[in-house]
$ cat structure.json   # JSON, C-alpha atoms and all ligand atoms
[["chain", "number", "residue", "atom", "x", "y", "z"],
["N", 1, "MET", "CA", 106.19, 124.78, 96.94],
["N", 2, "ASN", "CA", 107.64, 121.55, 95.66],
["N", 3, "ALA", "CA", 107.38, 118.54, 97.95],
["N", 4, "ILE", "CA", 110.45, 116.89, 96.41],
["N", 5, "GLU", "CA", 113.36, 118.28, 94.41],
["N", 6, "PHE", "CA", 116.27, 116.26, 93.05],
["N", 7, "HIS", "CA", 119.05, 118.21, 91.40],
["N", 8, "ASP", "CA", 121.67, 116.13, 89.54],
["N", 9, "VAL", "CA", 121.35, 113.34, 92.09],
["N", 10, "SER", "CA", 123.41, 110.19, 91.87],
["N", 11, "VAL", "CA", 123.14, 107.34, 94.35],
["N", 12, "ARG", "CA", 125.70, 104.55, 94.44],
["N", 13, "LEU", "CA", 125.04, 101.21, 96.12],
["N", 14, "GLY", "CA", 127.39, 98.25, 96.07],
["N", 15, "GLY", "CA", 129.64, 100.00, 93.55],
["N", 16, "ARG", "CA", 126.81, 100.57, 91.08],
["N", 17, "GLU", "CA", 125.18, 103.87, 90.19],
["N", 18, "VAL", "CA", 121.53, 103.10, 90.96],
["N", 19, "LEU", "CA", 120.47, 106.68, 90.20],
["N", 20, "ASN", "CA", 122.57, 108.63, 87.76],
["N", 21, "LEU", "CA", 122.24, 112.43, 87.61],
["N", 22, "VAL", "CA", 118.50, 112.50, 88.27],
["N", 23, "THR", "CA", 116.82, 115.91, 88.27],
["N", 24, "LEU", "CA", 113.11, 116.18, 89.04],
["N", 25, "GLU", "CA", 110.48, 118.23, 90.87],
["N", 26, "ILE", "CA", 107.30, 116.90, 92.41],
["N", 27, "ALA", "CA", 104.74, 119.51, 93.46],
["N", 28, "THR", "CA", 102.99, 119.53, 96.81],
["N", 29, "GLY", "CA", 99.76, 117.54, 96.62],
["N", 30, "GLU", "CA", 100.74, 115.50, 93.56],
["N", 31, "PHE", "CA", 100.08, 111.77, 93.22],
["N", 32, "VAL", "CA", 103.01, 110.19, 91.41],
["N", 33, "GLY", "CA", 103.16, 106.53, 90.40],
["N", 34, "VAL", "CA", 106.74, 105.23, 90.60],
["N", 35, "LEU", "CA", 107.42, 102.49, 88.07],
["N", 36, "GLY", "CA", 110.30, 100.51, 86.70],
["N", 37, "PRO", "CA", 111.62, 96.95, 86.57],
["N", 38, "ASN", "CA", 113.11, 95.05, 89.52],
["N", 39, "GLY", "CA", 116.27, 96.77, 90.67],
["N", 40, "ALA", "CA", 115.47, 100.02, 88.83],
["N", 41, "GLY", "CA", 115.80, 102.03, 92.05],
["N", 42, "LYS", "CA", 112.23, 102.66, 93.26],
["N", 43, "THR", "CA", 113.00, 101.68, 96.85],
["N", 44, "THR", "CA", 116.38, 103.43, 96.68],
["N", 45, "LEU", "CA", 114.69, 106.65, 95.56],
["N", 46, "MET", "CA", 112.29, 106.50, 98.51],
["N", 47, "ARG", "CA", 115.08, 105.73, 100.97],
["N", 48, "ALA", "CA", 117.09, 108.65, 99.60],
["N", 49, "ILE", "CA", 114.07, 110.94, 100.14],
["N", 50, "LEU", "CA", 113.91, 109.62, 103.73],
["N", 51, "GLY", "CA", 117.57, 110.50, 104.20],
["N", 52, "LEU", "CA", 118.43, 106.83, 104.81],
["N", 53, "ILE", "CA", 120.76, 106.63, 101.80],
["N", 54, "PRO", "CA", 123.00, 109.60, 100.99],
["N", 55, "ALA", "CA", 123.33, 110.97, 97.48],
["N", 56, "SER", "CA", 126.87, 110.52, 96.17],
["N", 57, "ARG", "CA", 126.37, 113.78, 94.30],
["N", 58, "GLY", "CA", 123.68, 116.40, 93.81],
["N", 59, "THR", "CA", 121.06, 117.68, 96.23],
["N", 60, "ILE", "CA", 117.76, 116.31, 97.47],
["N", 61, "ARG", "CA", 115.24, 118.68, 99.06],
["N", 62, "VAL", "CA", 112.11, 117.39, 100.76],
["N", 63, "LEU", "CA", 109.30, 119.70, 101.88],
["N", 64, "GLY", "CA", 111.62, 122.69, 101.55],
["N", 65, "ARG", "CA", 114.61, 121.24, 103.43],
["N", 66, "PRO", "CA", 117.59, 119.03, 102.63],
["N", 67, "ALA", "CA", 116.64, 115.34, 102.93],
["N", 68, "ALA", "CA", 117.39, 114.15, 106.46],
["N", 69, "ARG", "CA", 116.65, 111.07, 108.49],
["N", 70, "GLY", "CA", 113.74, 111.03, 110.96],
["N", 71, "ASN", "CA", 111.54, 113.61, 109.22],
["N", 72, "PRO", "CA", 108.15, 113.28, 110.96],
["N", 73, "ALA", "CA", 106.40, 114.91, 107.99],
["N", 74, "ILE", "CA", 107.04, 111.78, 105.89],
["N", 75, "GLY", "CA", 104.97, 108.62, 106.23],
["N", 76, "TYR", "CA", 106.68, 105.52, 104.84],
["N", 77, "MET", "CA", 105.23, 102.16, 104.00],
["N", 78, "PRO", "CA", 108.31, 100.00, 103.35],
["N", 79, "GLN", "CA", 108.38, 97.24, 100.79],
["N", 80, "VAL", "CA", 109.89, 94.59, 103.06],
["N", 81, "ARG", "CA", 107.12, 93.23, 105.20],
["N", 82, "GLY", "CA", 106.20, 90.40, 107.50],
["N", 83, "ALA", "CA", 107.77, 91.74, 110.68],
["N", 84, "GLY", "CA", 105.73, 90.82, 113.71],
["N", 85, "SER", "CA", 103.58, 88.29, 111.92],
["N", 86, "HIS", "CA", 104.59, 85.62, 114.42],
["N", 87, "LEU", "CA", 103.54, 87.73, 117.37],
["N", 88, "ARG", "CA", 100.30, 87.67, 119.25],
["N", 89, "LEU", "CA", 100.17, 91.44, 118.91],
["N", 90, "SER", "CA", 96.74, 92.84, 118.03],
["N", 91, "GLY", "CA", 96.47, 94.96, 114.88],
["N", 92, "CYS", "CA", 95.92, 98.00, 117.11],
["N", 93, "ASP", "CA", 99.08, 97.38, 119.10],
["N", 94, "PHE", "CA", 101.01, 96.87, 115.90],
["N", 95, "VAL", "CA", 99.87, 100.24, 114.53],
["N", 96, "ALA", "CA", 100.51, 101.81, 117.94],
["N", 97, "SER", "CA", 104.11, 100.56, 117.89],
["N", 98, "ALA", "CA", 104.84, 103.28, 115.30],
["N", 99, "VAL", "CA", 103.56, 106.00, 117.61],
["N", 100, "ASP", "CA", 106.61, 105.77, 119.79],
["N", 101, "GLY", "CA", 108.74, 104.25, 117.07],
["N", 102, "HIS", "CA", 111.71, 105.88, 115.44],
["N", 103, "ARG", "CA", 109.74, 108.07, 113.05],
["N", 104, "ILE", "CA", 108.26, 110.42, 115.59],
["N", 105, "GLY", "CA", 110.67, 112.34, 117.76],
["N", 106, "LYS", "CA", 108.28, 112.95, 120.62],
["N", 107, "PRO", "CA", 105.99, 110.01, 121.45],
["N", 108, "PHE", "CA", 102.36, 110.87, 122.05],
["N", 109, "PRO", "CA", 101.15, 110.53, 125.63],
["N", 110, "GLY", "CA", 98.94, 107.44, 126.26],
["N", 111, "LYS", "CA", 95.47, 108.85, 125.61],
["N", 112, "THR", "CA", 96.56, 110.87, 122.59],
["N", 113, "ALA", "CA", 98.34, 107.79, 121.22],
["N", 114, "ARG", "CA", 95.17, 105.70, 121.44],
["N", 115, "ALA", "CA", 93.17, 108.44, 119.72],
["N", 116, "GLU", "CA", 95.81, 108.68, 116.97],
["N", 117, "VAL", "CA", 95.75, 104.91, 116.41],
["N", 118, "ASN", "CA", 91.95, 104.97, 116.16],
["N", 119, "ARG", "CA", 92.10, 107.89, 113.75],
["N", 120, "VAL", "CA", 94.49, 106.15, 111.33],
["N", 121, "LEU", "CA", 92.64, 102.82, 111.59],
["N", 122, "GLY", "CA", 89.47, 104.72, 110.69],
["N", 123, "LEU", "CA", 91.17, 106.35, 107.71],
["N", 124, "VAL", "CA", 92.05, 102.97, 106.20],
["N", 125, "GLY", "CA", 88.71, 101.42, 107.24],
["N", 126, "ALA", "CA", 90.41, 98.91, 109.55],
["N", 127, "MET", "CA", 88.84, 99.49, 112.97],
["N", 128, "GLU", "CA", 87.72, 95.89, 113.08],
["N", 129, "LEU", "CA", 91.10, 94.51, 111.92],
["N", 130, "GLY", "CA", 92.76, 96.39, 114.77],
["N", 131, "ARG", "CA", 91.06, 94.15, 117.32],
["N", 132, "ARG", "CA", 92.33, 90.91, 115.79],
["N", 133, "PRO", "CA", 95.72, 89.29, 116.38],
["N", 134, "LEU", "CA", 98.20, 90.23, 113.67],
["N", 135, "ALA", "CA", 99.15, 86.59, 113.12],
["N", 136, "GLU", "CA", 95.56, 85.85, 111.99],
["N", 137, "LEU", "CA", 95.37, 88.52, 109.33],
["N", 138, "SER", "CA", 95.87, 87.91, 105.63],
["N", 139, "GLY", "CA", 98.73, 89.56, 103.75],
["N", 140, "GLY", "CA", 96.38, 92.17, 102.30],
["N", 141, "GLU", "CA", 94.79, 92.93, 105.69],
["N", 142, "ARG", "CA", 98.21, 93.38, 107.23],
["N", 143, "GLN", "CA", 99.10, 95.74, 104.41],
["N", 144, "ARG", "CA", 96.13, 97.92, 105.37],
["N", 145, "LEU", "CA", 97.56, 98.17, 108.90],
["N", 146, "LEU", "CA", 100.97, 99.10, 107.49],
["N", 147, "LEU", "CA", 99.32, 101.89, 105.57],
["N", 148, "ALA", "CA", 97.57, 102.98, 108.79],
["N", 149, "GLN", "CA", 100.97, 102.99, 110.47],
["N", 150, "ALA", "CA", 102.40, 105.23, 107.74],
["N", 151, "LEU", "CA", 99.62, 107.75, 108.45],
["N", 152, "ILE", "CA", 100.50, 108.24, 112.10],
["N", 153, "GLY", "CA", 101.31, 111.85, 112.90],
["N", 154, "ARG", "CA", 99.53, 113.31, 109.83],
["N", 155, "PRO", "CA", 102.42, 113.19, 107.32],
["N", 156, "GLN", "CA", 102.44, 115.68, 104.44],
["N", 157, "LEU", "CA", 104.30, 113.25, 102.20],
["N", 158, "LEU", "CA", 103.52, 109.56, 101.87],
["N", 159, "LEU", "CA", 106.02, 107.14, 100.36],
["N", 160, "LEU", "CA", 104.20, 103.90, 99.63],
["N", 161, "ASP", "CA", 106.58, 101.22, 98.39],
["N", 162, "GLU", "CA", 104.58, 98.64, 96.45],
["N", 163, "PRO", "CA", 101.46, 98.78, 98.60],
["N", 164, "MET", "CA", 99.69, 96.58, 96.03],
["N", 165, "SER", "CA", 101.99, 93.57, 96.13],
["N", 166, "ASN", "CA", 100.12, 90.59, 97.63],
["N", 167, "LEU", "CA", 96.77, 92.17, 96.83],
["N", 168, "ASP", "CA", 94.20, 90.72, 94.48],
["N", 169, "PRO", "CA", 92.81, 93.04, 91.77],
["N", 170, "HIS", "CA", 89.87, 94.12, 93.93],
["N", 171, "PHE", "CA", 92.09, 95.14, 96.84],
["N", 172, "GLN", "CA", 94.62, 96.68, 94.47],
["N", 173, "ALA", "CA", 91.87, 99.01, 93.30],
["N", 174, "SER", "CA", 90.91, 99.79, 96.89],
["N", 175, "ALA", "CA", 94.54, 100.52, 97.87],
["N", 176, "VAL", "CA", 94.77, 102.99, 94.98],
["N", 177, "ALA", "CA", 91.39, 104.54, 95.87],
["N", 178, "LEU", "CA", 92.46, 104.89, 99.49],
["N", 179, "ALA", "CA", 95.72, 106.64, 98.53],
["N", 180, "LYS", "CA", 93.78, 108.86, 96.12],
["N", 181, "SER", "CA", 91.35, 109.89, 98.87],
["N", 182, "LEU", "CA", 94.27, 110.78, 101.16],
["N", 183, "GLN", "CA", 95.59, 113.00, 98.40],
["N", 184, "THR", "CA", 92.28, 114.72, 97.61],
["N", 185, "GLU", "CA", 90.91, 115.00, 101.16],
["N", 186, "LEU", "CA", 94.08, 115.69, 103.13],
["N", 187, "GLY", "CA", 96.23, 117.26, 100.39],
["N", 188, "VAL", "CA", 99.01, 114.72, 101.02],
["N", 189, "THR", "CA", 101.72, 114.31, 98.36],
["N", 190, "ILE", "CA", 101.94, 110.65, 97.37],
["N", 191, "LEU", "CA", 104.64, 108.51, 95.78],
["N", 192, "PHE", "CA", 103.16, 105.11, 95.08],
["N", 193, "SER", "CA", 105.46, 102.48, 93.59],
["N", 194, "ALA", "CA", 104.13, 99.57, 91.60],
["N", 195, "HIS", "CA", 105.09, 97.00, 89.03],
["N", 196, "GLU", "CA", 102.02, 97.57, 86.95],
["N", 197, "LEU", "CA", 100.78, 100.85, 85.61],
["N", 198, "ASN", "CA", 97.15, 99.94, 84.84],
["N", 199, "PRO", "CA", 95.75, 99.93, 88.40],
["N", 200, "LEU", "CA", 97.18, 103.46, 88.85],
["N", 201, "LEU", "CA", 95.86, 104.96, 85.62],
["N", 202, "GLY", "CA", 92.81, 106.75, 87.07],
["N", 203, "ALA", "CA", 94.64, 108.02, 90.14],
["N", 204, "THR", "CA", 98.09, 109.15, 89.20],
["N", 205, "ASP", "CA", 98.74, 112.76, 88.18],
["N", 206, "ARG", "CA", 102.14, 111.88, 86.74],
["N", 207, "VAL", "CA", 104.41, 108.86, 86.57],
["N", 208, "LEU", "CA", 108.06, 108.58, 87.47],
["N", 209, "TYR", "CA", 109.59, 105.76, 85.46],
["N", 210, "LEU", "CA", 113.05, 104.52, 86.46],
["N", 211, "GLY", "CA", 115.47, 102.37, 84.51],
["N", 212, "ARG", "CA", 119.25, 102.00, 84.16],
["N", 213, "GLY", "CA", 119.93, 104.91, 86.50],
["N", 214, "ARG", "CA", 117.73, 107.31, 84.57],
["N", 215, "ALA", "CA", 114.33, 108.76, 85.42],
["N", 216, "ALA", "CA", 111.47, 110.05, 83.27],
["N", 217, "LEU", "CA", 108.78, 112.10, 85.02],
["N", 218, "GLY", "CA", 105.67, 113.27, 83.22],
["N", 219, "THR", "CA", 102.08, 112.49, 82.39],
["N", 220, "VAL", "CA", 101.24, 108.96, 81.28],
["N", 221, "ASP", "CA", 101.07, 110.19, 77.69],
["N", 222, "GLU", "CA", 104.49, 111.82, 77.93],
["N", 223, "VAL", "CA", 106.33, 108.96, 79.63],
["N", 224, "ILE", "CA", 104.64, 105.74, 78.57],
["N", 225, "THR", "CA", 105.86, 105.82, 75.00],
["N", 226, "GLY", "CA", 108.03, 103.40, 73.04],
["N", 227, "SER", "CA", 110.90, 105.87, 72.75],
["N", 228, "VAL", "CA", 111.07, 106.89, 76.43],
["N", 229, "LEU", "CA", 110.71, 103.34, 77.75],
["N", 230, "SER", "CA", 113.14, 101.86, 75.21],
["N", 231, "ARG", "CA", 115.74, 104.32, 76.51],
["N", 232, "LEU", "CA", 115.05, 103.43, 80.16],
["N", 233, "TYR", "CA", 115.09, 99.67, 79.57],
["N", 234, "GLY", "CA", 117.92, 99.77, 77.03],
["N", 235, "THR", "CA", 115.98, 97.54, 74.69],
["N", 236, "GLU", "CA", 113.39, 98.13, 71.98],
["N", 237, "LEU", "CA", 109.88, 98.34, 73.49],
["N", 238, "ASP", "CA", 106.42, 99.07, 72.11],
["N", 239, "VAL", "CA", 103.49, 100.54, 73.99],
["N", 240, "ILE", "CA", 100.09, 99.12, 73.16],
["N", 241, "ARG", "CA", 96.81, 100.65, 74.33],
["N", 242, "LEU", "CA", 93.80, 98.35, 74.52],
["N", 243, "ASN", "CA", 90.39, 99.08, 76.06],
["N", 244, "GLY", "CA", 91.78, 101.82, 78.30],
["N", 245, "ARG", "CA", 94.69, 99.65, 79.45],
["N", 246, "ILE", "CA", 98.33, 100.08, 78.52],
["N", 247, "PHE", "CA", 100.80, 97.29, 77.84],
["N", 248, "VAL", "CA", 104.55, 97.66, 77.49],
["N", 249, "MET", "CA", 105.83, 94.99, 75.15],
["N", 250, "ALA", "CA", 109.27, 93.65, 74.29],
["N", 251, "GLY", "CA", 108.42, 91.77, 71.11],
["N", 252, "SER", "CA", 105.57, 89.51, 72.23],
["N", 253, "ARG", "CA", 106.44, 89.76, 75.94],
["N", 254, "ASP", "CA", 104.58, 92.07, 78.34],
["N", 255, "VAL", "CA", 107.47, 93.46, 80.40],
["N", 256, "GLU", "CA", 105.36, 94.21, 83.48],
["N", 257, "HIS", "CA", 104.24, 90.60, 83.74],
["N", 258, "GLU", "CA", 107.21, 88.83, 82.20],
["N", 259, "PRO", "CA", 110.10, 91.05, 83.20],
["N", 260, "VAL", "CA", 113.03, 91.49, 80.87],
["N", 261, "PRO", "CA", 115.73, 89.14, 82.27],
["N", 262, "ALA", "CA", 118.02, 90.98, 84.64],
["N", 263, "HIS", "CA", 121.15, 90.25, 82.56],
["N", 264, "ASP", "CA", 119.58, 92.12, 79.63],
["N", 265, "LEU", "CA", 119.39, 95.22, 81.82],
["N", 266, "LEU", "CA", 122.30, 94.87, 84.18],
["N", 267, "GLY", "CA", 124.80, 94.06, 81.49],
["N", 268, "MET", "CA", 124.62, 97.66, 80.40],
["N", 269, "SER", "CA", 126.06, 100.59, 82.21],
["N", 270, "PRO", "CA", 123.68, 103.46, 82.98],
["N", 271, "HIS", "CA", 125.88, 105.61, 80.75],
["N", 272, "ASP", "CA", 124.72, 103.71, 77.66],
["N", 273, "ALA", "CA", 121.33, 105.51, 77.75],
["X", 301, "LIG", "N1", 122.28, 97.93, 100.42],
["X", 301, "LIG", "C1", 122.57, 97.71, 99.15],
["X", 301, "LIG", "N2", 123.82, 97.40, 98.77],
["X", 301, "LIG", "C2", 124.15, 97.17, 97.48],
["X", 301, "LIG", "N3", 123.23, 97.24, 96.47],
["X", 301, "LIG", "C3", 121.98, 97.54, 96.79],
["X", 301, "LIG", "C4", 121.57, 97.77, 98.13],
["X", 301, "LIG", "N4", 120.24, 98.06, 98.14],
["X", 301, "LIG", "C5", 119.84, 97.97, 96.86],
["X", 301, "LIG", "N5", 120.87, 97.66, 96.05],
["X", 301, "LIG", "C6", 120.83, 97.51, 94.59],
["X", 301, "LIG", "O1", 120.34, 98.72, 94.05],
["X", 301, "LIG", "C7", 119.50, 98.46, 92.92],
["X", 301, "LIG", "C8", 118.17, 99.14, 93.14],
["X", 301, "LIG", "O2", 117.45, 98.47, 94.14],
["X", 301, "LIG", "P1", 116.02, 98.91, 94.59],
["X", 301, "LIG", "O3", 115.66, 98.08, 95.75],
["X", 301, "LIG", "O4", 115.98, 100.38, 94.75],
["X", 301, "LIG", "O5", 115.15, 98.52, 93.31],
["X", 301, "LIG", "P2", 113.58, 98.54, 93.13],
["X", 301, "LIG", "O6", 113.28, 99.35, 91.89],
["X", 301, "LIG", "O7", 112.91, 98.94, 94.37],
["X", 301, "LIG", "O8", 113.31, 97.00, 92.78],
["X", 301, "LIG", "P3", 112.04, 96.05, 93.15],
["X", 301, "LIG", "O9", 111.05, 96.29, 92.06],
["X", 301, "LIG", "O10", 112.64, 94.69, 93.05],
["X", 301, "LIG", "O11", 111.56, 96.40, 94.51],
["X", 301, "LIG", "C9", 119.43, 96.95, 92.81],
["X", 301, "LIG", "O12", 120.33, 96.55, 91.81],
["X", 301, "LIG", "C10", 119.87, 96.45, 94.17],
["X", 301, "LIG", "O13", 120.50, 95.19, 94.06],
["X", 302, "MG", "MG", 111.68, 98.03, 95.66]]

$ encode --input "structure.json" --output "structure tokens" --more "lines below"
Ligand SMILES: Nc1ncnc2c1ncn2[C@@H]1O[C@H](COP(=O)(O)OP(=O)(O)OP(=O)(O)O)[C@@H](O)[C@H]1O
Ligand SMILES: [Mg+2]
Amino acid sequence: MNAIEFHDVSVRLGGREVLNLVTLEIATGEFVGVLGPNGAGKTTLMRAILGLIPASRGTIRVLGRPAARGNPAIGYMPQVRGAGSHLRLSGCDFVASAVDGHRIGKPFPGKTARAEVNRVLGLVGAMELGRRPLAELSGGERQRLLLAQALIGRPQLLLLDEPMSNLDPHFQASAVALAKSLQTELGVTILFSAHELNPLLGATDRVLYLGRGRAALGTVDEVITGSVLSRLYGTELDVIRLNGRIFVMAGSRDVEHEPVPAHDLLGMSPHDA
């Protein structure tokens, strides 16, 4: 069975077609890296899968059903963070707040809830962090708790929206390794968005690259090519491979580290592709 199916899906936000006739299938148990420049639609795609943003045309099916809000089989780690950082809440209480939060229809009873919180803290190796006040934790430590929160209720599909932002290279590698182990040990389907491809190279089965409303889904070798990326960015790009790393260049600029200015991308309609 496919975990995710988009058939001719368009999503409009603020009068702009963020996704334009996207068709794709992601198999159950796949690890897919979701890439693309700022504003390409990575978050929008995840929110559409969650049923939080409707498609203006086409159909989205998730785990065999039409996308709908409040699906307890999906774990979501949102990109916008920082909520609760001013509170004296312990890490444990913060993770527990998702147990009876909006995602799960039926809250767990007290003892089961505590066991579930301990289970997910164990999965992300954060038992010790759970005992500390949230306000004391570093950005990266808090991110670990957010990942724990996304794992509540044993989701079959995990949508991780930029789980590596704020992390140094060492913790970036451990976030990827953690997601990979959830895929291999629990069979979870994973969408993992990022601004840089290289940390994902050893983990991702395929990549979904977004740009100017379009999507390209395939292996790294199929998608990370000058011709595919030039079409998605709407500007001439080269792909350079060096010591097992891949760089996407616009002239002498590395577009993942020095993004193409927004006006270069936004000035063009998605229909130009
Ligand atoms: N609620 C909204 N109303 C209007 N436009 C929106 C809304 N949410 C997002 N957009 C626009 O949709 C486009 C896609 O945004 P999205 O957040 O999906 O991009 P992204 O790929 O996740 O970018 P980033 O890498 O910056 O996180 C952007 O141009 C954004 O300004
Ligand atoms: Mg985003």

$ axis_aligned_box --input "structure.json" --around "ligand LIG 301 (chain X)" --padding-each-side "3 Å" --output "AutoDock Vina command-line options"
--center_x 117.6 --center_y 97.5 --center_z 96.1 --size_x 19.1 --size_y 11.7 --size_z 14.6

$ closest_atom_pairs --input "structure.json" --of "stretch 189-244 of chain N" --to "stretch 18-31 of chain N" --cutoff "10 Å" --atoms "only C-alpha atoms" --output "JSON lines"
{"residue": "N:Thr189", "atom": "CA", "partner": "N:Gly29", "partner_atom": "CA", "distance": 4.2}
{"residue": "N:Ile190", "atom": "CA", "partner": "N:Phe31", "partner_atom": "CA", "distance": 4.7}
{"residue": "N:Leu191", "atom": "CA", "partner": "N:Phe31", "partner_atom": "CA", "distance": 6.2}
{"residue": "N:Phe192", "atom": "CA", "partner": "N:Phe31", "partner_atom": "CA", "distance": 7.6}
{"residue": "N:Leu200", "atom": "CA", "partner": "N:Phe31", "partner_atom": "CA", "distance": 9.8}
{"residue": "N:Ala203", "atom": "CA", "partner": "N:Phe31", "partner_atom": "CA", "distance": 7.3}
{"residue": "N:Thr204", "atom": "CA", "partner": "N:Phe31", "partner_atom": "CA", "distance": 5.2}
{"residue": "N:Asp205", "atom": "CA", "partner": "N:Phe31", "partner_atom": "CA", "distance": 5.3}
{"residue": "N:Arg206", "atom": "CA", "partner": "N:Phe31", "partner_atom": "CA", "distance": 6.8}
{"residue": "N:Val207", "atom": "CA", "partner": "N:Phe31", "partner_atom": "CA", "distance": 8.5}
{"residue": "N:Leu208", "atom": "CA", "partner": "N:Leu24", "partner_atom": "CA", "distance": 9.3}
{"residue": "N:Leu210", "atom": "CA", "partner": "N:Leu19", "partner_atom": "CA", "distance": 8.6}
{"residue": "N:Gly211", "atom": "CA", "partner": "N:Leu19", "partner_atom": "CA", "distance": 8.7}
{"residue": "N:Arg212", "atom": "CA", "partner": "N:Val18", "partner_atom": "CA", "distance": 7.3}
{"residue": "N:Gly213", "atom": "CA", "partner": "N:Leu19", "partner_atom": "CA", "distance": 4.1}
{"residue": "N:Arg214", "atom": "CA", "partner": "N:Asn20", "partner_atom": "CA", "distance": 5.9}
{"residue": "N:Ala215", "atom": "CA", "partner": "N:Val22", "partner_atom": "CA", "distance": 6.3}
{"residue": "N:Ala216", "atom": "CA", "partner": "N:Leu24", "partner_atom": "CA", "distance": 8.6}
{"residue": "N:Leu217", "atom": "CA", "partner": "N:Leu24", "partner_atom": "CA", "distance": 7.2}
{"residue": "N:Gly218", "atom": "CA", "partner": "N:Leu24", "partner_atom": "CA", "distance": 9.9}

$ residues_near_point --input "structure.json" --point "(95.3, 85.9, 102.3)" --cutoff "12 Å" --atoms "all atoms listed in the file" --output "MDAnalysis selection string"
chainID N and resid 135:143 165:168 171

$ residues_around --input "structure.json" --residues "stretch 144-158 of chain N" --least-positions-apart "3" --cutoff "9 Å" --atoms "only C-alpha atoms" --output "VMD selection string"
chain N and resid 3 28 to 29 62 to 63 72 to 78 81 91 to 92 94 to 99 104 116 to 117 119 to 126 129 to 130 139 to 141 163 175 179 186 to 192

$ write_last_selection --input "structure.json" --atoms "C-alpha atoms" --output "short mmCIF file (atom, residue, chain, number, x, y, z; two decimals), in the frame of the given file"
data_model
loop_
_atom_site.label_atom_id
_atom_site.label_comp_id
_atom_site.auth_asym_id
_atom_site.auth_seq_id
_atom_site.Cartn_x
_atom_site.Cartn_y
_atom_site.Cartn_z
CA ALA N 3 107.38 118.54 97.95
CA THR N 28 102.99 119.53 96.81
CA GLY N 29 99.76 117.54 96.62
CA VAL N 62 112.11 117.39 100.76
CA LEU N 63 109.30 119.70 101.88
CA PRO N 72 108.15 113.28 110.96
CA ALA N 73 106.40 114.91 107.99
CA ILE N 74 107.04 111.78 105.89
CA GLY N 75 104.97 108.62 106.23
CA TYR N 76 106.68 105.52 104.84
CA MET N 77 105.23 102.16 104.00
CA PRO N 78 108.31 100.00 103.35
CA ARG N 81 107.12 93.23 105.20
CA GLY N 91 96.47 94.96 114.88
CA CYS N 92 95.92 98.00 117.11
CA PHE N 94 101.01 96.87 115.90
CA VAL N 95 99.87 100.24 114.53
CA ALA N 96 100.51 101.81 117.94
CA SER N 97 104.11 100.56 117.89
CA ALA N 98 104.84 103.28 115.30
CA VAL N 99 103.56 106.00 117.61
CA ILE N 104 108.26 110.42 115.59
CA GLU N 116 95.81 108.68 116.97
CA VAL N 117 95.75 104.91 116.41
CA ARG N 119 92.10 107.89 113.75
CA VAL N 120 94.49 106.15 111.33
CA LEU N 121 92.64 102.82 111.59
CA GLY N 122 89.47 104.72 110.69
CA LEU N 123 91.17 106.35 107.71
CA VAL N 124 92.05 102.97 106.20
CA GLY N 125 88.71 101.42 107.24
CA ALA N 126 90.41 98.91 109.55
CA LEU N 129 91.10 94.51 111.92
CA GLY N 130 92.76 96.39 114.77
CA GLY N 139 98.73 89.56 103.75
CA GLY N 140 96.38 92.17 102.30
CA GLU N 141 94.79 92.93 105.69
CA PRO N 163 101.46 98.78 98.60
CA ALA N 175 94.54 100.52 97.87
CA ALA N 179 95.72 106.64 98.53
CA LEU N 186 94.08 115.69 103.13
CA GLY N 187 96.23 117.26 100.39
CA VAL N 188 99.01 114.72 101.02
CA THR N 189 101.72 114.31 98.36
CA ILE N 190 101.94 110.65 97.37
CA LEU N 191 104.64 108.51 95.78
CA PHE N 192 103.16 105.11 95.08
#

$ closest_residue --input "structure.json" --among "N:Val9, N:Met46, N:Leu35, N:Leu197" --to "N:Leu159" --atoms "only C-alpha atoms"
N:Met46

$ atom_distance --input "structure.json" --atom1 "atom CA of N:Leu242" --atom2 "atom CA of N:Met164"
22.4 Å

$ residues_near_ligand --input "structure.json" --ligand "ligand LIG 301 (chain X)" --cutoff "10 Å" --atoms "only C-alpha atoms and all ligand atoms" --output "PyMOL selection string"
chain N and resi 11-19+34-48+53+79-80+161-162+193-195+209-213+262+266

$ atom_distance --input "structure.json" --atom1 "atom CA of N:Val255" --atom2 "atom CA of N:Val228"
14.5 Å

$ closest_residue --input "structure.json" --among "N:Leu89, N:Leu160, N:Leu182, N:Ala177" --to "ligand MG 302 (chain X)" --atoms "only C-alpha atoms and all ligand atoms"
N:Leu160

$ atom_distance --input "structure.json" --atom1 "atom CA of N:Leu229" --atom2 "atom CA of N:Val248"
8.4 Å

$ closest_residue --input "structure.json" --among "N:Ser181, N:Asn198, N:Met1, N:His170" --to "N:Asn243" --atoms "only C-alpha atoms"
N:Asn198
